[in-house]
Every structure is written in C-alpha cells, then in structure tokens.
>>> print(open('start.txt').read())   # compact mmCIF, C-alpha atoms
# COMPACT_ATOMS: atom_id res chain seq x y z
CA MET A 106 -41.19 61.38 43.80
CA THR A 107 -39.99 58.43 45.85
CA LEU A 108 -36.43 57.08 45.84
CA ARG A 109 -37.61 53.93 44.04
CA GLN A 110 -39.15 56.01 41.24
CA ALA A 111 -35.97 58.09 40.88
CA GLN A 112 -33.80 54.99 40.63
CA GLY A 113 -36.13 53.27 38.19
CA PRO A 114 -34.23 54.08 34.93
CA ILE A 115 -30.91 53.17 36.53
CA LEU A 116 -32.21 49.81 37.75
CA GLU A 117 -33.68 49.04 34.35
CA GLU A 118 -30.31 49.74 32.67
CA GLU A 119 -28.54 47.48 35.19
CA GLU A 120 -31.03 44.69 34.47
CA GLU A 121 -30.39 45.05 30.71
CA VAL A 122 -26.61 44.82 31.27
CA VAL A 123 -27.05 41.71 33.43
CA ASP A 124 -29.30 40.11 30.79
CA ALA A 125 -26.75 40.86 28.03
CA ALA A 126 -23.91 39.39 30.11
CA THR A 127 -26.00 36.29 30.81
CA ALA A 128 -26.75 35.86 27.12
CA GLY A 129 -23.06 36.30 26.24
CA SER A 130 -22.09 33.69 28.83
CA ALA A 131 -24.65 31.30 27.36
CA ARG A 132 -23.20 31.81 23.87
CA ASP A 133 -19.64 31.27 25.14
CA GLU A 134 -20.75 28.11 26.95
CA ALA A 135 -22.42 26.80 23.77
CA SER A 136 -19.27 27.58 21.78
CA ARG A 137 -17.12 25.70 24.30
CA THR A 138 -19.55 22.79 24.20
CA VAL A 139 -18.97 22.52 20.44
CA LEU A 140 -15.22 23.13 20.44
CA ASP A 141 -14.10 21.24 23.56
CA PRO A 142 -14.68 17.77 22.03
CA ILE A 143 -12.56 18.86 19.05
CA ALA A 144 -9.76 19.95 21.36
CA ARG A 145 -9.96 16.69 23.31
CA ASP A 146 -9.90 14.66 20.10
CA ALA A 147 -6.72 16.46 19.00
CA GLY A 148 -5.04 15.71 22.34
CA ALA A 149 -4.61 19.37 23.33
CA PRO A 150 -3.63 20.10 26.95
CA ASP A 151 -6.30 21.39 29.32
CA GLY A 152 -6.95 25.08 28.82
CA GLN A 153 -5.07 25.18 25.49
CA PRO A 154 -7.19 24.91 22.30
CA SER A 155 -5.80 22.67 19.60
CA ARG A 156 -5.09 23.74 16.05
CA ARG A 157 -8.27 22.03 14.89
CA ALA A 158 -10.25 23.94 17.51
CA ASN A 159 -8.72 27.22 16.37
CA ILE A 160 -9.70 26.48 12.77
CA ALA A 161 -13.22 25.59 13.86
CA ARG A 162 -13.44 28.81 15.84
CA LEU A 163 -12.38 30.86 12.82
CA PHE A 164 -15.06 29.25 10.67
CA ALA A 165 -17.60 29.73 13.47
CA ARG A 166 -16.88 33.45 13.33
CA GLY A 167 -17.47 33.51 9.58
CA ARG A 168 -13.80 34.01 8.60
CA ARG A 169 -12.35 32.33 5.55
CA PRO A 170 -8.81 32.06 4.18
CA SER A 171 -7.80 35.39 2.65
CA TRP A 172 -7.75 35.59 -1.13
CA THR A 173 -4.85 38.04 -0.92
CA LEU A 174 -2.76 35.39 0.81
CA ALA A 175 -3.63 32.83 -1.87
CA LEU A 176 -2.71 35.36 -4.56
CA ALA A 177 0.60 36.14 -2.83
CA VAL A 178 1.49 32.45 -2.62
CA ALA A 179 0.63 32.04 -6.31
CA VAL A 180 2.91 34.96 -7.26
CA ILE A 181 5.84 33.53 -5.27
CA VAL A 182 5.28 30.07 -6.79
CA VAL A 183 5.35 31.54 -10.31
CA ALA A 184 8.52 33.52 -9.52
CA VAL A 185 10.19 30.37 -8.18
CA LEU A 186 9.18 28.45 -11.30
CA TRP A 187 10.67 31.24 -13.40
CA ALA A 188 13.94 30.73 -11.57
CA VAL A 189 13.89 26.91 -11.76
CA VAL A 190 12.43 26.17 -15.21
CA PRO A 191 12.44 29.46 -17.17
CA TRP A 192 12.35 27.70 -20.56
CA LEU A 193 8.80 26.54 -19.85
CA PHE A 194 7.56 30.14 -19.82
CA THR A 195 9.29 31.60 -22.88
CA SER A 196 11.02 30.40 -26.01
CA TYR A 197 13.08 33.57 -26.60
CA ASP A 198 16.77 33.91 -25.82
CA PRO A 199 17.40 36.42 -23.01
CA ILE A 200 20.87 37.38 -24.32
CA ASP A 201 20.63 37.44 -28.12
CA GLY A 202 18.09 39.67 -29.84
CA VAL A 203 16.93 40.68 -33.30
CA PRO A 204 18.07 44.25 -34.05
CA ALA A 205 15.21 44.72 -36.52
CA ASP A 206 12.72 44.21 -33.66
CA LYS A 207 14.18 46.80 -31.30
CA LEU A 208 11.95 48.90 -29.03
CA LEU A 209 8.73 47.13 -29.95
CA PRO A 210 5.83 47.84 -27.56
CA PRO A 211 4.09 45.02 -25.65
CA SER A 212 2.13 42.74 -27.97
CA ALA A 213 0.99 39.14 -28.35
CA ALA A 214 4.41 38.21 -29.78
CA HIS A 215 6.40 40.09 -27.12
CA TRP A 216 4.39 40.38 -23.89
CA PHE A 217 6.73 42.95 -22.31
CA GLY A 218 8.00 44.43 -25.59
CA THR A 219 11.63 44.45 -26.69
CA ASP A 220 14.67 46.46 -25.63
CA ALA A 221 17.10 48.64 -27.58
CA ILE A 222 18.83 45.69 -29.30
CA GLY A 223 15.74 43.61 -29.99
CA ARG A 224 15.78 41.23 -27.01
CA ASP A 225 12.46 40.02 -25.63
CA LEU A 226 11.97 41.80 -22.31
CA TYR A 227 9.65 39.16 -20.88
CA ALA A 228 12.28 36.49 -21.50
CA ARG A 229 14.89 38.62 -19.75
CA VAL A 230 12.57 39.13 -16.76
CA VAL A 231 11.86 35.39 -16.55
CA TYR A 232 15.53 34.39 -16.80
CA GLY A 233 16.47 37.19 -14.39
CA ALA A 234 14.39 35.63 -11.62
CA ILE A 235 17.17 33.14 -10.81
CA HIS A 236 19.62 35.96 -10.08
CA SER A 237 17.27 38.06 -7.95
CA LEU A 238 15.66 35.18 -6.02
CA SER A 239 18.89 33.27 -5.41
CA GLY A 240 20.55 36.49 -4.27
CA ALA A 241 17.67 37.17 -1.88
CA LEU A 242 17.89 33.61 -0.56
CA ILE A 243 21.61 33.98 0.10
CA ALA A 244 21.03 37.32 1.83
CA VAL A 245 18.30 35.93 4.08
CA THR A 246 20.39 32.86 4.89
CA VAL A 247 23.39 34.99 5.91
CA GLY A 248 21.28 37.31 8.05
CA LEU A 249 19.24 34.48 9.60
CA ALA A 250 22.24 32.31 10.47
CA ALA A 251 24.55 35.02 11.81
CA GLY A 252 21.85 37.14 13.47
CA THR A 253 20.08 34.22 15.13
CA LEU A 254 23.38 32.87 16.45
CA LEU A 255 24.27 36.22 18.00
CA GLY A 256 20.78 36.66 19.45
CA VAL A 257 20.63 33.18 20.95
CA ILE A 258 24.07 33.55 22.54
CA ALA A 259 23.22 36.99 23.96
CA GLY A 260 19.80 35.97 25.25
CA SER A 261 20.81 32.62 26.74
CA VAL A 262 24.15 33.55 28.30
CA GLY A 263 23.31 37.09 29.42
CA GLY A 264 25.65 39.16 31.56
CA TRP A 265 28.49 41.15 30.09
CA LEU A 266 28.45 39.12 26.86
CA ASP A 267 24.85 40.14 26.27
CA ASP A 268 25.75 43.80 26.83
CA VAL A 269 28.70 43.69 24.43
CA LEU A 270 26.83 41.89 21.64
CA MET A 271 23.77 44.12 21.91
CA ARG A 272 25.89 47.27 21.79
CA ILE A 273 27.42 45.98 18.55
CA VAL A 274 23.90 45.29 17.26
CA ASP A 275 22.85 48.84 18.21
CA VAL A 276 25.73 50.24 16.19
CA LEU A 277 24.70 48.16 13.16
CA LEU A 278 21.08 49.26 13.53
CA SER A 279 22.14 52.91 13.57
CA ILE A 280 23.70 52.60 10.09
CA PRO A 281 21.28 52.80 7.12
CA GLY A 282 20.94 49.42 5.46
CA LEU A 283 21.82 50.60 1.95
CA LEU A 284 24.91 52.46 3.20
CA LEU A 285 26.10 49.39 5.10
CA SER A 286 25.50 47.17 2.06
CA LEU A 287 27.45 49.55 -0.18
CA SER A 288 30.34 49.60 2.30
CA VAL A 289 30.49 45.80 2.38
CA ILE A 290 30.15 45.34 -1.38
CA ILE A 291 32.99 47.79 -2.00
CA LEU A 292 35.19 45.54 0.14
CA LEU A 293 33.98 42.28 -1.45
CA GLY A 294 33.68 43.42 -5.06
CA PHE A 295 30.81 43.58 -7.52
CA GLY A 296 28.50 40.72 -8.47
CA THR A 297 25.17 39.21 -7.46
CA VAL A 298 26.62 36.90 -4.80
CA ASN A 299 28.68 39.67 -3.21
CA ALA A 300 25.68 41.98 -3.29
CA ALA A 301 23.61 39.28 -1.60
CA ILE A 302 26.21 38.80 1.13
CA ALA A 303 26.33 42.56 1.67
CA VAL A 304 22.55 42.74 2.02
CA GLY A 305 22.63 39.76 4.39
CA ILE A 306 25.21 41.42 6.62
CA GLY A 307 23.00 44.49 6.71
CA SER A 308 20.11 42.40 8.10
CA VAL A 309 22.12 40.61 10.83
CA ALA A 310 21.24 43.22 13.44
CA SER A 311 17.48 42.84 12.93
CA PHE A 312 17.64 39.05 13.30
CA ALA A 313 19.91 39.32 16.34
CA ARG A 314 17.66 41.78 18.14
CA LEU A 315 14.48 39.77 17.51
CA SER A 316 15.98 36.36 18.35
CA ARG A 317 17.53 37.71 21.54
CA SER A 318 14.21 39.15 22.73
CA GLU A 319 12.40 35.88 21.96
CA VAL A 320 15.00 33.79 23.79
CA VAL A 321 14.81 36.06 26.84
CA ARG A 322 11.00 35.82 26.81
CA VAL A 323 10.99 32.02 26.59
CA ARG A 324 13.69 31.62 29.25
CA ARG A 325 11.46 33.38 31.78
CA THR A 326 8.56 30.96 31.33
CA ASP A 327 7.61 28.44 34.01
CA TYR A 328 8.25 25.32 31.96
CA VAL A 329 11.85 26.37 31.21
CA GLU A 330 12.46 27.03 34.90
CA ALA A 331 10.93 23.64 35.65
CA ALA A 332 13.23 22.01 33.10
CA PHE A 333 16.26 23.54 34.80
CA GLY A 334 14.89 22.58 38.21
CA SER A 335 14.45 18.96 37.18
CA GLY A 336 18.16 18.66 36.40
CA GLY A 337 18.22 19.55 32.70
CA SER A 338 21.53 20.80 31.36
CA PHE A 339 21.87 24.19 29.73
CA ALA A 340 22.42 22.74 26.24
CA SER A 341 19.51 20.28 26.45
CA VAL A 342 17.04 22.87 27.75
CA LEU A 343 18.17 25.31 25.08
CA ARG A 344 17.77 22.70 22.33
CA ARG A 345 14.50 21.13 23.48
CA HIS A 346 12.57 24.06 24.93
CA VAL A 347 14.03 27.48 24.23
CA LEU A 348 14.92 27.29 20.53
CA PRO A 349 11.72 25.57 19.25
CA ASN A 350 9.53 28.12 21.04
CA SER A 351 11.50 31.24 20.14
CA LEU A 352 12.25 30.86 16.42
CA THR A 353 8.73 31.20 15.00
CA ALA A 354 8.85 35.00 14.99
CA VAL A 355 12.33 34.83 13.47
CA VAL A 356 10.95 32.76 10.59
CA GLY A 357 8.30 35.42 10.01
CA LEU A 358 11.04 38.06 9.92
CA ALA A 359 12.96 35.92 7.42
CA ALA A 360 9.95 35.94 5.08
CA LEU A 361 9.73 39.71 5.44
CA GLN A 362 13.47 40.10 4.85
CA PHE A 363 13.18 37.95 1.70
CA GLY A 364 11.05 40.62 0.04
CA GLY A 365 13.31 43.36 1.36
CA ALA A 366 16.38 41.50 0.07
CA ILE A 367 14.90 41.31 -3.44
CA LEU A 368 14.33 45.06 -3.36
CA ALA A 369 17.81 45.76 -1.94
CA ILE A 370 19.58 43.54 -4.50
CA SER A 371 17.57 45.16 -7.31
CA THR A 372 18.61 48.56 -5.95
CA LEU A 373 22.28 47.56 -5.95
CA GLY A 374 21.88 46.18 -9.47
CA PHE A 375 20.27 49.44 -10.56
CA LEU A 376 23.24 51.36 -9.14
CA GLY A 377 25.68 49.10 -11.01
CA TYR A 378 26.96 47.06 -8.07
CA GLY A 379 25.20 43.83 -8.98
CA ALA A 380 25.46 41.52 -11.96
CA PRO A 381 27.30 42.96 -14.99
CA PRO A 382 25.60 43.36 -18.40
CA PRO A 383 24.17 41.54 -20.30
CA THR A 384 23.02 39.46 -17.31
CA PRO A 385 19.20 39.65 -17.09
CA GLU A 386 18.98 40.82 -13.48
CA TRP A 387 15.84 42.74 -12.46
CA GLY A 388 17.57 45.83 -11.12
CA LEU A 389 19.89 45.97 -14.12
CA LEU A 390 16.91 45.69 -16.49
CA ILE A 391 15.35 48.76 -14.91
CA ALA A 392 18.65 50.63 -15.12
CA GLU A 393 19.09 49.75 -18.81
CA GLY A 394 15.66 51.12 -19.67
CA ARG A 395 15.91 54.46 -17.85
CA ASN A 396 17.40 56.14 -20.95
CA TYR A 397 14.27 55.27 -22.93
CA VAL A 398 11.58 56.31 -20.44
CA ALA A 399 10.13 58.91 -22.81
CA THR A 400 9.97 56.63 -25.86
CA ALA A 401 9.80 53.08 -24.44
CA TRP A 402 8.08 53.22 -21.05
CA TRP A 403 7.76 49.43 -20.82
CA LEU A 404 11.51 48.92 -20.37
CA THR A 405 11.40 50.28 -16.81
CA THR A 406 7.72 50.04 -15.90
CA LEU A 407 7.11 46.32 -16.46
CA PRO A 408 10.27 44.96 -14.73
CA GLY A 409 9.61 47.43 -11.92
CA LEU A 410 6.05 46.15 -11.54
CA VAL A 411 7.36 42.58 -11.35
CA VAL A 412 9.71 43.56 -8.52
CA VAL A 413 6.92 45.39 -6.68
CA VAL A 414 4.46 42.50 -7.01
CA VAL A 415 6.98 39.89 -5.81
CA VAL A 416 8.08 42.04 -2.85
CA LEU A 417 4.48 42.76 -1.80
CA SER A 418 3.63 39.06 -2.07
CA ALA A 419 6.56 38.11 0.15
CA ASN A 420 5.49 40.76 2.67
CA ARG A 421 1.91 39.43 2.64
CA ILE A 422 3.12 35.90 3.39
CA SER A 423 5.30 37.27 6.18
CA GLN A 424 2.28 39.08 7.63
CA SER A 425 0.34 35.81 7.66
CA ILE A 426 3.18 34.01 9.43
CA GLY A 427 3.38 36.83 11.98
CA ARG A 428 -0.33 36.54 12.74
CA GLY A 429 0.11 32.83 13.30
CA THR A 430 2.59 33.50 16.10
CA ARG A 431 0.05 35.46 18.15
>>> encode(input="start.txt", output="structure tokens")
Amino acid sequence: MTLRQAQGPILEEEEEVVDAATAGSARDEASRTVLDPIARDAGAPDGQPSRRANIARLFARGRRPSWTLALAVAVIVVAVLWAVVPWLFTSYDPIDGVPADKLLPPSAAHWFGTDAIGRDLYARVVYGAIHSLSGALIAVTVGLAAGTLLGVIAGSVGGWLDDVLMRIVDVLLSIPGLLLSLSVIILLGFGTVNAAIAVGIGSVASFARLSRSEVVRVRRTDYVEAAFGSGGSFASVLRRHVLPNSLTAVVGLAALQFGGAILAISTLGFLGYGAPPPTPEWGLLIAEGRNYVATAWWLTTLPGLVVVVVVLSANRISQSIGRGTR
C-alpha cells in the first residue's frame, strides 16, 4: 500500500470539511447581502447591525415572538387594570358581604366563591390588586433609586469609597431578605407602605452590586476613555455615556424585583405585618382562608394562584428584557 492510498480517507475528510466551510461562508455572505442594506438604511454604524437588521435576522432564522411573553404581558395588563379600574371587573363590594351566602364554592355568580362572612372572593382579589401592586412599585422604586445611586457612586469614584460602600453591600447581601424586611418593618410599624419600604430596603444591595459592575464595565470602554481624553468633564461623561449604557441591565433587574416584591409583600401580609383586616390584600386573603383549607379550599388556592401567575409573568418579562441586553 502506497502512502497516497493510506492517506486517501483522511484527504477525503479534509475535502469534505473544506467544502462545508465554503458553503457556510457562501450562506453567511448571502445573509449579509440581504441584511447590510437594511442596516445602512437604519443608519447603523459600520460593523454594528441595526435593530431592524436584528429583527430581520431573527425572522430569517425562523424565530417568532414568544407566546409566553405575550401571555405574561396580558396578565400584567389585567392586574394593572384591576388596580386602576376594579369596578369594571366586578360589581360586588369587597368589604361588605351577605352572611347567608358564606363559604359558597366557585360558581357563575361567584367566580372565586365566597368567604366566611359571605364576601365575594373574586371582588376582594380584584380590589386587592391596588395594595399589592402599589406596594411592589414602592419597593422597586426604593431599591432602584437607593441601590443605583450607591452603585453609580462606587463604580464611578472608585478608591476607598468604593471599598467602603461595597463592604456595606456585602453585609446587606449576607442577611436573608425576609429577615431584613422584618427587622425594618418592626422599626417602621405595620402597614402596606411600611412593608413596601422594608422590602425595598432589602433589595438595595442587589441593585447596588449590579449597577456598580455595569458602571465599571462601561468606564473601561474605549469611547469613554476617548470622551475623557477629548476634554469631557466627569459629570458630563457620566451623564452622556456611562449612565445610558449601564442602566439597561438594572431595568431588567427592576422587572425581576417587581415580581419578587409582590411575593415578599404578600408574605408579610400573610404573617400579619401588612395591611390590617378587612383590607383586601392578597397575602391577607390567603391568611384568612387557611383556617378553612379542609372545607373551603378556594379561599387560599385561588388567591395564591393569582399571586403565582402575576409573579411568574413579571419574571418572564424580566427574562425578555435581560435577553435584550445581550
């Protein structure tokens, strides 16, 4: 057997690899031929595909908008409408009930059944959305504002101030969120607003850590160094270049924290630290029905399912925002 005959299978495999690479290059070139005019029409810089080009590339790969994302957005929209215009979704009073209709199972007249004093549970869930969603919004606002401020200061100034602030953040991260919220709410007092502030303080460390890392990453880029080299002041470069390019991931975390805040506020309401009875708050509704689990399962199951669906929807939207940052 000659050397050429022994190397025959190997050479054939190499030729197949070269042919496959050539075909792949041809497909990539054809794709660029289609997408480059779109990028030029959108005014994208050289080497950076525009948003329209990215959308075209997704459709070229056969991908379509996710139905789970559309469903999550629909759930959040319905929950917001419950909080804003609850009277459009139910005609029952969430506070006053009919004692003769107590502990009725779900039916066409009472979608979620009735509680121990004859109040329509669906009406109480709908009217309770304002307390849970507004509390979650307050909590996210507190965590986003305070945490982002600490992170931006630590990441932009650096030095000993960065070390001190990050050690404080490490201490906050080492404390369980529920324990920290309980400690704060004991100092502030009970109520939905105080519970929301307590949950927001518990999330400051997460926002601070993420915003600091994003600011440090952006500050090391070439265009920020060029902005400083061209005579830009610290405040102007921070406002025009660093902040706009470092807050996208923080917004995604805020969407994720919104769902977590709803769950945390409901947990505090379940433990009795939130809104007092007979306020129709989601966590309190679950707590009121736990004594009737064996005979009236709907009192805890249906409000609990509402909380789970809303939290999962908020997390799905946050996941979509996070993918958009990559």
>>> residues_around(input="start.txt", residues="A:Gly388", least_positions_apart="2", cutoff="6 Å", atoms="only C-alpha atoms", output="list of chain:residue names")
A:Ser371, A:Thr372, A:Gly374, A:Phe375, A:Glu386, A:Leu390, A:Ile391
>>> closest_residue(input="start.txt", among="A:Gly394, A:Gly233, A:Pro408, A:Gly357", to="A:Arg421", atoms="all atoms listed in the file")
A:Gly357
>>> closest_residue(input="start.txt", among="A:Leu176, A:Ile422, A:Ala399, A:Leu277", to="A:Ala313", atoms="all atoms listed in the file")
A:Leu277
>>> residues_around(input="start.txt", residues="A:Pro382", least_positions_apart="5", cutoff="10 Å", atoms="all atoms listed in the file", output="ChimeraX atom specification")
/A:200,377,389-390,393
>>> residues_near_point(input="start.txt", point="(6.8, 33.2, -20.2)", cutoff="8 Å", atoms="all atoms listed in the file", output="count of residues only")
9
>>> residues_near_point(input="start.txt", point="(11.6, 35.1, 16.8)", cutoff="10 Å", atoms="all atoms listed in the file", output="mmCIF file with C-alpha atoms, keeping the file's coordinate frame")
data_model
loop_
_atom_site.group_PDB
_atom_site.id
_atom_site.type_symbol
_atom_site.label_atom_id
_atom_site.label_comp_id
_atom_site.auth_asym_id
_atom_site.auth_seq_id
_atom_site.Cartn_x
_atom_site.Cartn_y
_atom_site.Cartn_z
ATOM 1 C CA THR A 253 20.080 34.220 15.130
ATOM 2 C CA GLY A 256 20.780 36.660 19.450
ATOM 3 C CA PHE A 312 17.640 39.050 13.300
ATOM 4 C CA ALA A 313 19.910 39.320 16.340
ATOM 5 C CA ARG A 314 17.660 41.780 18.140
ATOM 6 C CA LEU A 315 14.480 39.770 17.510
ATOM 7 C CA SER A 316 15.980 36.360 18.350
ATOM 8 C CA ARG A 317 17.530 37.710 21.540
ATOM 9 C CA SER A 318 14.210 39.150 22.730
ATOM 10 C CA GLU A 319 12.400 35.880 21.960
ATOM 11 C CA VAL A 320 15.000 33.790 23.790
ATOM 12 C CA LEU A 348 14.920 27.290 20.530
ATOM 13 C CA PRO A 349 11.720 25.570 19.250
ATOM 14 C CA ASN A 350 9.530 28.120 21.040
ATOM 15 C CA SER A 351 11.500 31.240 20.140
ATOM 16 C CA LEU A 352 12.250 30.860 16.420
ATOM 17 C CA THR A 353 8.730 31.200 15.000
ATOM 18 C CA ALA A 354 8.850 35.000 14.990
ATOM 19 C CA VAL A 355 12.330 34.830 13.470
ATOM 20 C CA VAL A 356 10.950 32.760 10.590
ATOM 21 C CA GLY A 357 8.300 35.420 10.010
ATOM 22 C CA LEU A 358 11.040 38.060 9.920
ATOM 23 C CA ALA A 359 12.960 35.920 7.420
ATOM 24 C CA GLY A 427 3.380 36.830 11.980
ATOM 25 C CA THR A 430 2.590 33.500 16.100
#
>>> axis_aligned_box(input="start.txt", around="stretch 398-413 of chain A", padding_each_side="3 Å", output="lines of an AutoDock Vina configuration file")
center_x = 8.8
center_y = 50.7
center_z = -16.3
size_x = 11.5
size_y = 22.3
size_z = 25.2
>>> closest_residue(input="start.txt", among="A:Ser311, A:Ile181, A:Tyr397, A:Asp206", to="A:Leu255", atoms="all atoms listed in the file")
A:Ser311
>>> residues_around(input="start.txt", residues="A:Gly263", least_positions_apart="5", cutoff="9 Å", atoms="only C-alpha atoms", output="ChimeraX atom specification")
/A:258,268,321
>>> closest_residue(input="start.txt", among="A:Leu209, A:Ala369, A:Val347, A:Ile243", to="A:Leu287", atoms="only C-alpha atoms")
A:Ala369
>>> closest_residue(input="start.txt", among="A:Val257, A:His215, A:Val412, A:Ala251", to="A:Ala184", atoms="all atoms listed in the file")
A:Val412
>>> atom_distance(input="start.txt", atom1="atom CA of A:Thr246", atom2="atom CA of A:Leu266")
24.2 Å
>>> atom_distance(input="start.txt", atom1="atom CA of A:Gly336", atom2="atom CA of A:Val262")
18.0 Å
>>> residues_around(input="start.txt", residues="A:Asp201", least_positions_apart="3", cutoff="9 Å", atoms="all atoms listed in the file", output="list in words")
Tyr197, Asp198, Ile222, Gly223, Arg224 and Asp225 of chain A
>>> atom_distance(input="start.txt", atom1="atom CA of A:Ala300", atom2="atom CA of A:Gln424")
26.0 Å
>>> residues_around(input="start.txt", residues="stretch 288-292 of chain A", least_positions_apart="4", cutoff="9 Å", atoms="all atoms listed in the file", output="list in words")
Leu283, Leu284, Gly296, Asn299, Ala300, Ala301, Ile302, Ala303, Val304, Ile306, Gly307 and Tyr378 of chain A
